[in-house]
Amino acid sequence: MDEKEAVYLDLLLQPIRVCAKYRPKFGQGSKEQGLTLAQFQVLYQSDPFYSWFGLDNPLMYAAHKAAGGMTSVYRQIGIGCERLFRAILQDALRLSDADVSWSYQVTLPSGKTRTLYLDARIPLDKIANPERRDKLYHWMRMSAKEIGVDDAVFSTLKGVVFEVRQGYKSKDSKRQNADIANAATAYTSAYLPCVAILLHTN
């Protein structure tokens, strides 16, 4: 493994290491750091009902830790994949942090605004290498034709924005709706919306 690969691997694994420190909170509030096994047993043993059922058993703590930890693992893998993808774009195309970042604001029913972030961006005019810029442009044109983007719309596009997935749940309607909203906003901001799905290949 060369130095650059080691950096990429660390970007991917760094968020996942957070999961090793995960401790379930057992309803003690979001500001708490979570309970140790000993603290959990004190809490559950002080409750006559729970202790009567034997819920102060260490196996119950292990089950809570595993359940919450799994959720955290999926989330942290996603964060690691996003960071890795942005780093590769920056290195390959010589882009800055600002170049590869993209967000937009939406107005909530309450009147407040919320900022939504997509995982990566490639602005064509920020790619200094003309050969690589041309390759990206031709890839954009080919991709746009495949999905039926009108030539007049394509002529306004100034780059690509990405949503990065380490997997895609086709039946996840909440995720699908968010992707559709992100894609529509990307078009109105003159970017070609793309989903990058990371897969392992032999």
# chains A, B, ... in the order shown; residues from 1 in each chain; ligands from 1
>>> residues_around(residues="Gly159 (chain A)", least_positions_apart="6", cutoff="7 Å", atoms="only C-alpha atoms", output="MDAnalysis selection string")
chainID A and resid 122:124 191:192
>>> write_last_selection(atoms="N, CA and C atoms", output="PDB file, in the first residue's frame")
ATOM      1  N   ILE A 122     -18.192  18.759  -8.954  1.00  0.00           N
ATOM      2  CA  ILE A 122     -17.091  19.045  -9.885  1.00  0.00           C
ATOM      3  C   ILE A 122     -17.513  20.228 -10.747  1.00  0.00           C
ATOM      4  N   PRO A 123     -16.990  21.422 -10.490  1.00  0.00           N
ATOM      5  CA  PRO A 123     -17.266  22.562 -11.372  1.00  0.00           C
ATOM      6  C   PRO A 123     -16.279  22.534 -12.544  1.00  0.00           C
ATOM      7  N   LEU A 124     -16.812  22.506 -13.747  1.00  0.00           N
ATOM      8  CA  LEU A 124     -15.951  22.399 -14.933  1.00  0.00           C
ATOM      9  C   LEU A 124     -14.887  23.485 -14.989  1.00  0.00           C
ATOM     10  N   TYR A 191     -26.313  22.264 -12.593  1.00  0.00           N
ATOM     11  CA  TYR A 191     -25.415  21.117 -12.404  1.00  0.00           C
ATOM     12  C   TYR A 191     -26.133  19.835 -12.804  1.00  0.00           C
ATOM     13  N   LEU A 192     -25.377  18.910 -13.375  1.00  0.00           N
ATOM     14  CA  LEU A 192     -25.913  17.592 -13.712  1.00  0.00           C
ATOM     15  C   LEU A 192     -25.919  16.749 -12.437  1.00  0.00           C
TER      16      LEU A 192
END
>>> residues_around(residues="Val195 (chain A)", least_positions_apart="6", cutoff="6 Å", atoms="only C-alpha atoms", output="CSV table (one decimal) with C-alpha atoms, in the first residue's frame")
chain,number,residue,atom,x,y,z
A,162,PHE,CA,-23.0,13.8,-6.6
A,163,GLU,CA,-24.8,12.0,-3.9
A,164,VAL,CA,-22.6,9.1,-2.8
>>> atom_distance(atom1="CA of Arg132 (chain A)", atom2="CA of Cys194 (chain A)")
18.4 Å
>>> residues_around(residues="Ala186 (chain A)", least_positions_apart="6", cutoff="9 Å", atoms="only C-alpha atoms", output="list in words")
Tyr104, Val160, Val161, Leu192 and Pro193 of chain A
>>> select_by_dssp(residues="chain A", states="strand (DSSP E)", output="ChimeraX atom specification")
/A:102-107,113-118,120-123,159-165,192-197
>>> write_last_selection(atoms="C-alpha atoms", output="compact mmCIF listing (two decimals), in the first residue's frame")
# COMPACT_ATOMS: atom_id res chain seq x y z
CA TRP A 102 -22.08 22.06 -2.61
CA SER A 103 -25.19 22.93 -0.63
CA TYR A 104 -28.52 24.69 -1.03
CA GLN A 105 -31.19 26.09 1.24
CA VAL A 106 -34.86 25.18 1.51
CA THR A 107 -37.60 27.07 3.31
CA THR A 113 -34.44 27.87 6.28
CA ARG A 114 -32.53 24.61 6.29
CA THR A 115 -29.25 23.96 4.49
CA LEU A 116 -28.94 20.66 2.63
CA TYR A 117 -25.57 19.31 1.56
CA LEU A 118 -24.76 17.02 -1.32
CA ALA A 120 -19.47 16.21 -3.88
CA ARG A 121 -19.25 18.62 -6.79
CA ILE A 122 -17.09 19.04 -9.88
CA PRO A 123 -17.27 22.56 -11.37
CA GLY A 159 -20.57 20.85 -13.75
CA VAL A 160 -21.74 17.82 -11.79
CA VAL A 161 -22.99 17.26 -8.25
CA PHE A 162 -22.97 13.82 -6.62
CA GLU A 163 -24.84 11.96 -3.95
CA VAL A 164 -22.57 9.13 -2.79
CA ARG A 165 -24.04 5.79 -1.75
CA LEU A 192 -25.91 17.59 -13.71
CA PRO A 193 -27.14 15.49 -10.75
CA CYS A 194 -25.54 12.08 -10.31
CA VAL A 195 -25.61 9.25 -7.78
CA ALA A 196 -22.25 7.54 -7.24
CA ILE A 197 -22.77 4.01 -5.91
>>> residues_around(residues="Leu84 (chain A)", least_positions_apart="3", cutoff="9 Å", atoms="only C-alpha atoms", output="number ranges by chain")
A: 8-12, 79-81, 87-89
>>> residues_around(residues="region 21-28 of chain A", least_positions_apart="4", cutoff="12 Å", atoms="only C-alpha atoms", output="PyMOL selection string")
chain A and resi 15-17+32-41+43-44+56+60-73+76
>>> closest_residue(among="A:Ala144, A:Ala152, A:Asp119, A:Leu198", to="Asn182 (chain A)", atoms="only C-alpha atoms")
A:Asp119
>>> decode(residues="region 137-169 of chain A", atoms="N, CA and C atoms", output="PDB file, in the first residue's frame")
ATOM      1  N   TYR A 137     -16.327  16.794 -19.569  1.00  0.00           N
ATOM      2  CA  TYR A 137     -17.384  17.403 -20.379  1.00  0.00           C
ATOM      3  C   TYR A 137     -18.012  16.356 -21.309  1.00  0.00           C
ATOM      4  N   HIS A 138     -17.170  15.546 -21.951  1.00  0.00           N
ATOM      5  CA  HIS A 138     -17.694  14.526 -22.873  1.00  0.00           C
ATOM      6  C   HIS A 138     -18.469  13.454 -22.111  1.00  0.00           C
ATOM      7  N   TRP A 139     -18.007  13.117 -20.904  1.00  0.00           N
ATOM      8  CA  TRP A 139     -18.746  12.157 -20.085  1.00  0.00           C
ATOM      9  C   TRP A 139     -20.109  12.740 -19.691  1.00  0.00           C
ATOM     10  N   MET A 140     -20.136  14.004 -19.340  1.00  0.00           N
ATOM     11  CA  MET A 140     -21.396  14.674 -19.012  1.00  0.00           C
ATOM     12  C   MET A 140     -22.345  14.656 -20.201  1.00  0.00           C
ATOM     13  N   ARG A 141     -21.827  14.951 -21.380  1.00  0.00           N
ATOM     14  CA  ARG A 141     -22.671  14.986 -22.587  1.00  0.00           C
ATOM     15  C   ARG A 141     -23.231  13.602 -22.884  1.00  0.00           C
ATOM     16  N   MET A 142     -22.376  12.581 -22.792  1.00  0.00           N
ATOM     17  CA  MET A 142     -22.826  11.213 -23.053  1.00  0.00           C
ATOM     18  C   MET A 142     -23.889  10.797 -22.040  1.00  0.00           C
ATOM     19  N   SER A 143     -23.655  11.103 -20.767  1.00  0.00           N
ATOM     20  CA  SER A 143     -24.600  10.741 -19.712  1.00  0.00           C
ATOM     21  C   SER A 143     -25.921  11.477 -19.889  1.00  0.00           C
ATOM     22  N   ALA A 144     -25.851  12.751 -20.245  1.00  0.00           N
ATOM     23  CA  ALA A 144     -27.058  13.548 -20.439  1.00  0.00           C
ATOM     24  C   ALA A 144     -27.900  12.999 -21.590  1.00  0.00           C
ATOM     25  N   LYS A 145     -27.246  12.564 -22.655  1.00  0.00           N
ATOM     26  CA  LYS A 145     -27.983  11.993 -23.794  1.00  0.00           C
ATOM     27  C   LYS A 145     -28.672  10.699 -23.401  1.00  0.00           C
ATOM     28  N   GLU A 146     -27.984   9.886 -22.576  1.00  0.00           N
ATOM     29  CA  GLU A 146     -28.549   8.597 -22.177  1.00  0.00           C
ATOM     30  C   GLU A 146     -29.828   8.765 -21.363  1.00  0.00           C
ATOM     31  N   ILE A 147     -29.916   9.830 -20.581  1.00  0.00           N
ATOM     32  CA  ILE A 147     -31.109  10.023 -19.749  1.00  0.00           C
ATOM     33  C   ILE A 147     -32.080  11.041 -20.353  1.00  0.00           C
ATOM     34  N   GLY A 148     -31.780  11.491 -21.581  1.00  0.00           N
ATOM     35  CA  GLY A 148     -32.722  12.337 -22.309  1.00  0.00           C
ATOM     36  C   GLY A 148     -32.735  13.800 -21.911  1.00  0.00           C
ATOM     37  N   VAL A 149     -31.603  14.325 -21.447  1.00  0.00           N
ATOM     38  CA  VAL A 149     -31.538  15.752 -21.110  1.00  0.00           C
ATOM     39  C   VAL A 149     -31.548  16.562 -22.404  1.00  0.00           C
ATOM     40  N   ASP A 150     -32.413  17.520 -22.488  1.00  0.00           N
ATOM     41  CA  ASP A 150     -32.517  18.363 -23.677  1.00  0.00           C
ATOM     42  C   ASP A 150     -31.208  19.114 -23.914  1.00  0.00           C
ATOM     43  N   ASP A 151     -30.824  19.265 -25.186  1.00  0.00           N
ATOM     44  CA  ASP A 151     -29.565  19.947 -25.524  1.00  0.00           C
ATOM     45  C   ASP A 151     -29.526  21.372 -24.981  1.00  0.00           C
ATOM     46  N   ALA A 152     -30.683  22.047 -25.002  1.00  0.00           N
ATOM     47  CA  ALA A 152     -30.727  23.418 -24.499  1.00  0.00           C
ATOM     48  C   ALA A 152     -30.454  23.455 -22.993  1.00  0.00           C
ATOM     49  N   VAL A 153     -30.943  22.451 -22.288  1.00  0.00           N
ATOM     50  CA  VAL A 153     -30.679  22.367 -20.848  1.00  0.00           C
ATOM     51  C   VAL A 153     -29.220  22.027 -20.608  1.00  0.00           C
ATOM     52  N   PHE A 154     -28.707  21.067 -21.385  1.00  0.00           N
ATOM     53  CA  PHE A 154     -27.312  20.659 -21.205  1.00  0.00           C
ATOM     54  C   PHE A 154     -26.351  21.826 -21.430  1.00  0.00           C
ATOM     55  N   SER A 155     -26.663  22.678 -22.379  1.00  0.00           N
ATOM     56  CA  SER A 155     -25.760  23.795 -22.698  1.00  0.00           C
ATOM     57  C   SER A 155     -25.600  24.763 -21.531  1.00  0.00           C
ATOM     58  N   THR A 156     -26.514  24.717 -20.563  1.00  0.00           N
ATOM     59  CA  THR A 156     -26.422  25.618 -19.409  1.00  0.00           C
ATOM     60  C   THR A 156     -25.628  25.010 -18.245  1.00  0.00           C
ATOM     61  N   LEU A 157     -25.363  23.703 -18.314  1.00  0.00           N
ATOM     62  CA  LEU A 157     -24.733  23.022 -17.181  1.00  0.00           C
ATOM     63  C   LEU A 157     -23.272  23.433 -17.017  1.00  0.00           C
ATOM     64  N   LYS A 158     -22.898  23.643 -15.766  1.00  0.00           N
ATOM     65  CA  LYS A 158     -21.528  24.083 -15.472  1.00  0.00           C
ATOM     66  C   LYS A 158     -20.733  23.073 -14.648  1.00  0.00           C
ATOM     67  N   GLY A 159     -21.284  21.871 -14.491  1.00  0.00           N
ATOM     68  CA  GLY A 159     -20.570  20.847 -13.746  1.00  0.00           C
ATOM     69  C   GLY A 159     -21.490  19.742 -13.277  1.00  0.00           C
ATOM     70  N   VAL A 160     -21.020  18.987 -12.298  1.00  0.00           N
ATOM     71  CA  VAL A 160     -21.742  17.825 -11.787  1.00  0.00           C
ATOM     72  C   VAL A 160     -21.801  17.894 -10.261  1.00  0.00           C
ATOM     73  N   VAL A 161     -22.928  17.480  -9.689  1.00  0.00           N
ATOM     74  CA  VAL A 161     -22.989  17.262  -8.247  1.00  0.00           C
ATOM     75  C   VAL A 161     -23.350  15.798  -7.999  1.00  0.00           C
ATOM     76  N   PHE A 162     -22.811  15.247  -6.907  1.00  0.00           N
ATOM     77  CA  PHE A 162     -22.965  13.825  -6.623  1.00  0.00           C
ATOM     78  C   PHE A 162     -23.593  13.580  -5.252  1.00  0.00           C
ATOM     79  N   GLU A 163     -24.421  12.569  -5.203  1.00  0.00           N
ATOM     80  CA  GLU A 163     -24.838  11.959  -3.949  1.00  0.00           C
ATOM     81  C   GLU A 163     -24.141  10.609  -3.914  1.00  0.00           C
ATOM     82  N   VAL A 164     -23.377  10.353  -2.866  1.00  0.00           N
ATOM     83  CA  VAL A 164     -22.571   9.133  -2.790  1.00  0.00           C
ATOM     84  C   VAL A 164     -23.303   8.098  -1.944  1.00  0.00           C
ATOM     85  N   ARG A 165     -23.406   6.890  -2.472  1.00  0.00           N
ATOM     86  CA  ARG A 165     -24.039   5.795  -1.752  1.00  0.00           C
ATOM     87  C   ARG A 165     -23.074   4.613  -1.681  1.00  0.00           C
ATOM     88  N   GLN A 166     -23.032   3.952  -0.524  1.00  0.00           N
ATOM     89  CA  GLN A 166     -22.284   2.697  -0.430  1.00  0.00           C
ATOM     90  C   GLN A 166     -23.213   1.522  -0.691  1.00  0.00           C
ATOM     91  N   GLY A 167     -24.430   1.847  -1.051  1.00  0.00           N
ATOM     92  CA  GLY A 167     -25.458   0.867  -1.372  1.00  0.00           C
ATOM     93  C   GLY A 167     -26.725   1.662  -1.629  1.00  0.00           C
ATOM     94  N   TYR A 168     -27.692   1.072  -2.303  1.00  0.00           N
ATOM     95  CA  TYR A 168     -28.919   1.827  -2.598  1.00  0.00           C
ATOM     96  C   TYR A 168     -30.119   0.955  -2.312  1.00  0.00           C
ATOM     97  N   LYS A 169     -30.969   1.382  -1.373  1.00  0.00           N
ATOM     98  CA  LYS A 169     -32.184   0.646  -1.042  1.00  0.00           C
ATOM     99  C   LYS A 169     -33.306   1.131  -1.954  1.00  0.00           C
TER     100      LYS A 169
END
